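Visitor: The structure under discussion is supplied below as structure tokens; questions concerning it will follow.
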Amino acid sequence: MSVVRFGIVGLGGMGRNHAHYLLAGEVKGAVLSAVSDTSPASHEWAKQSLPESVRFFESYAAMLQSGVIDAVIVATPHYFHPDLAVQALHHQLHVIVEKPAGVYTQQVRQMNEVAATSGKVFGMMFNQRTNPVFQKVRDLIQSGELGKIKRFNWIITDWYRSQAYYNSGSWRATWAQEGGGILMNQATHNIDLLLWTLGMQPSRVRAFCHFGKHRAIEVEDDVTAYMECENGATGVFITTTGDAPGTNRYEISGERGKVVVEDNKITFWRLRMPEPEFNATNTSMWAQPEYWKIEIPVSGGAGPQHVGITQNFTDAVLNGTPLLAPGHEGIHGLTLVNAMYMSTWTDNWVDVPFDENQFLTLLNRRRHPRGE
């Protein structure tokens, strides 16, 4: 295979974005060969916007069976992600799934099991992993430069969304169609980056999700969550779509100092001596560890984002390049999101892993409030 022929299922905003950059030739070794959507409006858009070389299929099954594609980009509403991915894998096609991996871990776990035995490349569209800033933060942590993690805090309140945004589509901000609010849609990026940079999953969560606090919606638009990890580290995650202006500050404290990410810059307060070592040897009552404030140089702006993930995926198919965002990792952030919901709904702590059947029961009560 010298080129990967892509098919896109779902021609909403993200599906069309993927189509544009593939048609523009921004991904080397990739071509757009087909698209699929059941919406008449999407069919009309495809006729007006896509060349004749790109086939349109009203039936997703027909696209999978057409023989004109090698890989599928799943860009539909959230609930459909796992099932559509599984169908493609069963047709021996490579798959990349838009975020989130799904709405509840049970369906995503089943998707991962199919992918693991398929022999096909399976990726997630975690485009913010291409940002050089977060790649450097991950390196500082995973290399041990920051030492054992003690505390992490992320206040990410610059996901502002007005009522007009929510009114733009009947599916938005609903349990039945979107499957959640800011945690499921916007801040899922930050939760993925949190877990990816730290390299660990919280083992216990106590969350306070506020539903329709700032907007006339049924899902969460304001969240504060406290987390505990097996190694003793603790964390706080705060997010909302209702603050203006918002804040985006990610702070990680380790035994060798503190890293702060803000304004797409990294500042590292590096201790001359690890804090536990200083504490064990110090004899002065008011002494504090010596540190240096270092501005970590990072270039490349926000990174190649969606194009970068698709390029990496294409290279994995053609050359076996390791994936920056393997598909099976999509369940990690979703697990934390589900735990936050469950903690709020039960007004209690939630241990991770949790009872997935109980979570689905609680979710379905909100998806089908009248029992239909």
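Quick note on naming: the chains in the structure tokens go A, B, ... in the order shown, residues restart at 1 in each chain, and ligands are numbered from 1 in order of appearance.
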Please list as a VMD selection string every residue within 8 Å of Met1 of chain A, counting only C-alpha atoms and excluding residues in the same chain fewer than 2 positions away.

Guide: chain A and resid 3 to 4 318

Visitor: Would you put the residues from that selection into a file with N, CA and C atoms, as a PDB file, in the first residue's frame?

Guide:
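Output saved as result_3.pdb:
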ATOM      1  N   VAL A   3      -0.657   4.471  -0.485  1.00  0.00           N
ATOM      2  CA  VAL A   3      -1.503   5.573  -0.061  1.00  0.00           C
ATOM      3  C   VAL A   3      -2.672   5.008   0.734  1.00  0.00           C
ATOM      4  N   VAL A   4      -3.120   5.749   1.738  1.00  0.00           N
ATOM      5  CA  VAL A   4      -4.271   5.344   2.539  1.00  0.00           C
ATOM      6  C   VAL A   4      -5.502   6.081   2.019  1.00  0.00           C
ATOM      7  N   LEU A 318       0.993   2.984   6.905  1.00  0.00           N
ATOM      8  CA  LEU A 318       1.930   2.743   5.800  1.00  0.00           C
ATOM      9  C   LEU A 318       3.283   2.205   6.249  1.00  0.00           C
TER      10      LEU A 318
END

Visitor: Write out as a list in words the residues lying within 12 Å of Gly25 of chain A, counting only C-alpha atoms and excluding same-chain residues fewer than 4 positions away.

Guide: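 After dropping sequence-adjacent residues, the list is Val3, His18, Ala19, His20, Tyr21, Gly29, Ala30, Val31, Leu32, Val307, Thr310 and Gln311 of chain A.
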
Visitor: Can you list, as a PyMOL selection string, every protein, DNA or RNA residue that comes within 12 Å of Val259 of chain A when you count only C-alpha atoms, leaving out same-chain residues fewer than 3 positions away?

Guide: chain A and resi 133-134+136-141+145-147+149-154+197-198+249-256+262+265-271+292-296

Visitor: From segment 80-193 of chain A, collect each residue whose DSSP state is strand (DSSP E) and return the set as a list in words.

Guide: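 Here is the list: His94, Val95, Ile96, Val97, Glu98, Phe122, Gly123, Met124, Met125, Ile149, Lys150, Arg151, Phe152, Asn153, Trp154, Ile155 and Ile156 of chain A.
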
Visitor: Going by DSSP on the backbone, which residues of segment 169-284 of chain A come out as alpha helix (DSSP H)? List them as number ranges by chain.

Guide: A: 188-198, 275-281
